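What follows is a short report on a single structure.
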Amino acid sequence: MRTPASLFSLMLSIAIAHAQQVQFRQLPFDELIDGRHTQNEKGQPMALLAALEFKPDSLLCLGEVMDILFPVPRTINSKTAVVYRWDEGKRGWEKLGASLRPKKIGSHAYYKTQLQCRGVYALMQELDIRGETKIRFPRGYSADTLFWYQDNLHAAARIPVEKGAKGVSLPLECLSAVANIEGRFKDAQGNIFQLKTKAGNLRRKPFLWFLPEPQGLVIGPDQLHPMASPLLLSTLK
């Protein structure tokens, strides 16, 4: 979603009033999750509403807080939206106690909050999570982490895999065919393989043979691509 020029003009005037130079830019979903996810402190996936990178010039924090506007869809529940700051050391999101106030500029809806320190900030709300989807690995292969992200939900999650596990469960009951699944696998000889596919490309395996709707997914060995050198999962999506 593009941010109207009126928003940038307003933010610019606020910035000039507080500091000489303050850099900030809106982050689209695909850029936000480059090395990140949208999970809360409990590991539950959240839906991204808006994100921005806030960079005071040559300072970790401003001397005083600055008013910032997050552009948001009109259909969100304003009572459940929360501002988070990315903690690079913990590789997770820290919930901020910042107050949020809805604001309208013309026909566009925003949330007004206050920021002071540099970092990546996201306005998110919890998804309505029900059930899970099990994904089974190819025989003879192991994985350490799987990464799931879904553009239409604006949500992403890193799913750790227990050592020796033959599969993993994703925290969504009905995984969309357009969901992206990535990961790094090893075979018994230590060769490294990369998985980067859509959920719709995975073979579906029913929980019980007579059920009309399959509940599980199976990764085929043909979907794992050899890698010349190890690749950190953070360099995937």
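Residue names in the structure tokens use chain letters A, B, ... in the order shown, residue numbers from 1 in each chain, and ligand numbers from 1 in the order shown.
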Excluding same-chain residues fewer than 5 positions from stretch 28-39 of chain A, what lies within 9 Å of it counting only C-alpha atoms, as number ranges by chain?
-> A: 1, 44-52, 86, 91-93, 120, 122, 124, 126, 147-149, 151, 154-158, 233-237
How about saving the chosen residues, N, CA, C and O atoms kept, as a compact mmCIF listing (two decimals), in the first residue's frame?
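The result, stored in result02.txt:
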```txt
# COMPACT_ATOMS: atom_id res chain seq x y z
N MET A 1 0.84 -1.18 0.00
CA MET A 1 0.00 0.00 0.00
C MET A 1 0.87 1.24 0.00
O MET A 1 1.75 1.38 0.84
N GLN A 44 3.53 -17.14 18.45
CA GLN A 44 2.33 -17.18 17.61
C GLN A 44 2.46 -16.19 16.46
O GLN A 44 2.89 -15.05 16.67
N PRO A 45 2.10 -16.60 15.25
CA PRO A 45 2.18 -15.68 14.11
C PRO A 45 1.21 -14.51 14.25
O PRO A 45 0.10 -14.68 14.77
N MET A 46 1.64 -13.35 13.80
CA MET A 46 0.79 -12.16 13.80
C MET A 46 0.69 -11.63 12.38
O MET A 46 1.53 -11.93 11.53
N ALA A 47 -0.33 -10.85 12.14
CA ALA A 47 -0.51 -10.23 10.83
C ALA A 47 0.12 -8.84 10.85
O ALA A 47 -0.16 -8.04 11.75
N LEU A 48 0.97 -8.57 9.88
CA LEU A 48 1.60 -7.27 9.77
C LEU A 48 0.61 -6.26 9.18
O LEU A 48 0.01 -6.49 8.13
N LEU A 49 0.43 -5.15 9.86
CA LEU A 49 -0.42 -4.08 9.37
C LEU A 49 0.39 -2.99 8.70
O LEU A 49 0.00 -2.46 7.67
N ALA A 50 1.51 -2.63 9.30
CA ALA A 50 2.40 -1.62 8.74
C ALA A 50 3.74 -1.72 9.45
O ALA A 50 3.82 -2.17 10.59
N ALA A 51 4.81 -1.31 8.75
CA ALA A 51 6.14 -1.35 9.35
C ALA A 51 6.97 -0.19 8.82
O ALA A 51 6.76 0.28 7.70
N LEU A 52 7.91 0.26 9.63
CA LEU A 52 8.81 1.32 9.19
C LEU A 52 10.15 1.20 9.88
O LEU A 52 10.28 0.60 10.95
N TRP A 86 11.80 -4.49 16.67
CA TRP A 86 12.62 -5.66 16.41
C TRP A 86 13.87 -5.63 17.27
O TRP A 86 14.63 -4.65 17.25
N ARG A 91 16.57 -11.69 18.13
CA ARG A 91 15.94 -12.11 16.87
C ARG A 91 14.44 -12.29 17.04
O ARG A 91 13.84 -13.26 16.58
N GLY A 92 13.85 -11.32 17.72
CA GLY A 92 12.41 -11.37 17.93
C GLY A 92 11.85 -9.98 18.17
O GLY A 92 12.58 -8.99 18.24
N TRP A 93 10.53 -9.89 18.32
CA TRP A 93 9.85 -8.62 18.49
C TRP A 93 9.61 -8.32 19.95
O TRP A 93 9.22 -9.20 20.73
N VAL A 120 13.63 -0.91 13.78
CA VAL A 120 12.54 -1.34 12.90
C VAL A 120 11.30 -1.56 13.75
O VAL A 120 11.34 -2.31 14.73
N ALA A 122 6.98 -2.29 13.90
CA ALA A 122 5.87 -2.90 13.16
C ALA A 122 4.59 -2.78 13.96
O ALA A 122 4.59 -2.96 15.19
N MET A 124 1.22 -4.64 14.41
CA MET A 124 0.73 -5.98 14.11
C MET A 124 -0.44 -6.33 15.02
O MET A 124 -0.64 -5.72 16.06
N GLU A 126 -2.76 -10.09 16.29
CA GLU A 126 -2.75 -11.55 16.28
C GLU A 126 -3.70 -12.10 15.22
O GLU A 126 -4.75 -11.52 14.94
N PHE A 147 10.88 -22.15 7.44
CA PHE A 147 10.37 -20.79 7.43
C PHE A 147 9.11 -20.76 6.57
O PHE A 147 9.14 -21.19 5.42
N TRP A 148 8.02 -20.28 7.16
CA TRP A 148 6.75 -20.17 6.46
C TRP A 148 6.36 -18.70 6.37
O TRP A 148 6.49 -17.95 7.33
N TYR A 149 5.92 -18.27 5.19
CA TYR A 149 5.37 -16.92 5.08
C TYR A 149 4.29 -16.91 4.02
O TYR A 149 4.32 -17.67 3.06
N ASP A 151 1.96 -14.18 1.81
CA ASP A 151 1.81 -12.79 1.41
C ASP A 151 0.41 -12.25 1.65
O ASP A 151 0.24 -11.09 2.05
N HIS A 154 0.10 -11.53 5.24
CA HIS A 154 1.16 -10.68 5.78
C HIS A 154 1.67 -11.25 7.10
O HIS A 154 1.79 -10.54 8.10
N ALA A 155 1.96 -12.54 7.08
CA ALA A 155 2.44 -13.24 8.28
C ALA A 155 3.58 -14.17 7.92
O ALA A 155 3.64 -14.69 6.80
N ALA A 156 4.49 -14.36 8.87
CA ALA A 156 5.64 -15.23 8.65
C ALA A 156 6.07 -15.84 9.98
O ALA A 156 5.92 -15.22 11.03
N ALA A 157 6.61 -17.06 9.93
CA ALA A 157 7.02 -17.73 11.15
C ALA A 157 8.23 -18.63 10.88
O ALA A 157 8.32 -19.25 9.83
N ARG A 158 9.13 -18.66 11.85
CA ARG A 158 10.24 -19.60 11.83
C ARG A 158 9.89 -20.75 12.78
O ARG A 158 9.62 -20.53 13.95
N LEU A 233 19.69 -19.88 7.18
CA LEU A 233 18.28 -19.71 6.88
C LEU A 233 17.90 -18.24 6.82
O LEU A 233 16.98 -17.87 6.12
N SER A 234 18.62 -17.42 7.55
CA SER A 234 18.30 -15.98 7.56
C SER A 234 18.50 -15.34 6.19
O SER A 234 18.00 -14.27 5.91
N THR A 235 19.25 -16.03 5.32
CA THR A 235 19.45 -15.47 3.98
C THR A 235 18.37 -15.95 3.02
O THR A 235 18.34 -15.56 1.87
N LEU A 236 17.48 -16.83 3.51
CA LEU A 236 16.34 -17.21 2.68
C LEU A 236 15.35 -16.07 2.77
O LEU A 236 15.67 -14.95 2.52
N LYS A 237 14.14 -16.27 3.17
CA LYS A 237 13.23 -15.13 3.34
C LYS A 237 13.07 -14.84 4.80
O LYS A 237 13.03 -15.73 5.60
```
Could you tell me, as a PyMOL selection string, which residues of stretch 6-212 of chain A DSSP assigns to strand (DSSP E) when given the backbone?
-> chain A and resi 22-26+46-56+61-71+82-87+92-95+101-105+108-117+119-126+133-136+141-150+155-160+167-170+180-187+192-198+203-205
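In this model, the gap between atom CA of A:Lys163 and atom CA of A:Thr145 comes to 10.2 Å.
The spacing separating atom CA of A:Gly183 from atom CA of A:Gly119 amounts to 27.1 Å.
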Near-A:Gln194 list (8 Å; only C-alpha atoms; drop same-chain fewer than 3 positions) as a list of chain:residue names = A:Glu182, A:Gly183, A:Arg184, A:Phe185, A:Leu224, A:His225, A:Pro226, A:Met227
Restrict the selected residues to N, CA and C atoms and save them as a PDB file, in the first residue's frame.
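Result file follows (part.pdb):
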```pdb
ATOM      1  N   GLU A 182      10.160 -22.606   3.189  1.00  0.00           N
ATOM      2  CA  GLU A 182      11.580 -22.673   2.889  1.00  0.00           C
ATOM      3  C   GLU A 182      12.305 -23.356   4.035  1.00  0.00           C
ATOM      4  N   GLY A 183      13.465 -23.899   3.732  1.00  0.00           N
ATOM      5  CA  GLY A 183      14.247 -24.545   4.773  1.00  0.00           C
ATOM      6  C   GLY A 183      15.548 -25.108   4.237  1.00  0.00           C
ATOM      7  N   ARG A 184      16.372 -25.574   5.163  1.00  0.00           N
ATOM      8  CA  ARG A 184      17.652 -26.184   4.814  1.00  0.00           C
ATOM      9  C   ARG A 184      17.661 -27.609   5.342  1.00  0.00           C
ATOM     10  N   PHE A 185      18.008 -28.562   4.480  1.00  0.00           N
ATOM     11  CA  PHE A 185      17.985 -29.976   4.837  1.00  0.00           C
ATOM     12  C   PHE A 185      19.368 -30.598   4.672  1.00  0.00           C
ATOM     13  N   LEU A 224      13.938 -30.910  -3.038  1.00  0.00           N
ATOM     14  CA  LEU A 224      15.138 -30.439  -2.359  1.00  0.00           C
ATOM     15  C   LEU A 224      16.245 -30.257  -3.384  1.00  0.00           C
ATOM     16  N   HIS A 225      16.830 -29.068  -3.408  1.00  0.00           N
ATOM     17  CA  HIS A 225      17.849 -28.745  -4.403  1.00  0.00           C
ATOM     18  C   HIS A 225      19.229 -28.692  -3.759  1.00  0.00           C
ATOM     19  N   PRO A 226      20.205 -29.410  -4.310  1.00  0.00           N
ATOM     20  CA  PRO A 226      21.559 -29.430  -3.733  1.00  0.00           C
ATOM     21  C   PRO A 226      22.154 -28.032  -3.668  1.00  0.00           C
ATOM     22  N   MET A 227      22.953 -27.801  -2.633  1.00  0.00           N
ATOM     23  CA  MET A 227      23.608 -26.519  -2.446  1.00  0.00           C
ATOM     24  C   MET A 227      25.117 -26.742  -2.394  1.00  0.00           C
TER      25      MET A 227
END
```
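Atom CA of A:Gln189 is found 14.7 Å from atom CA of A:Pro221.
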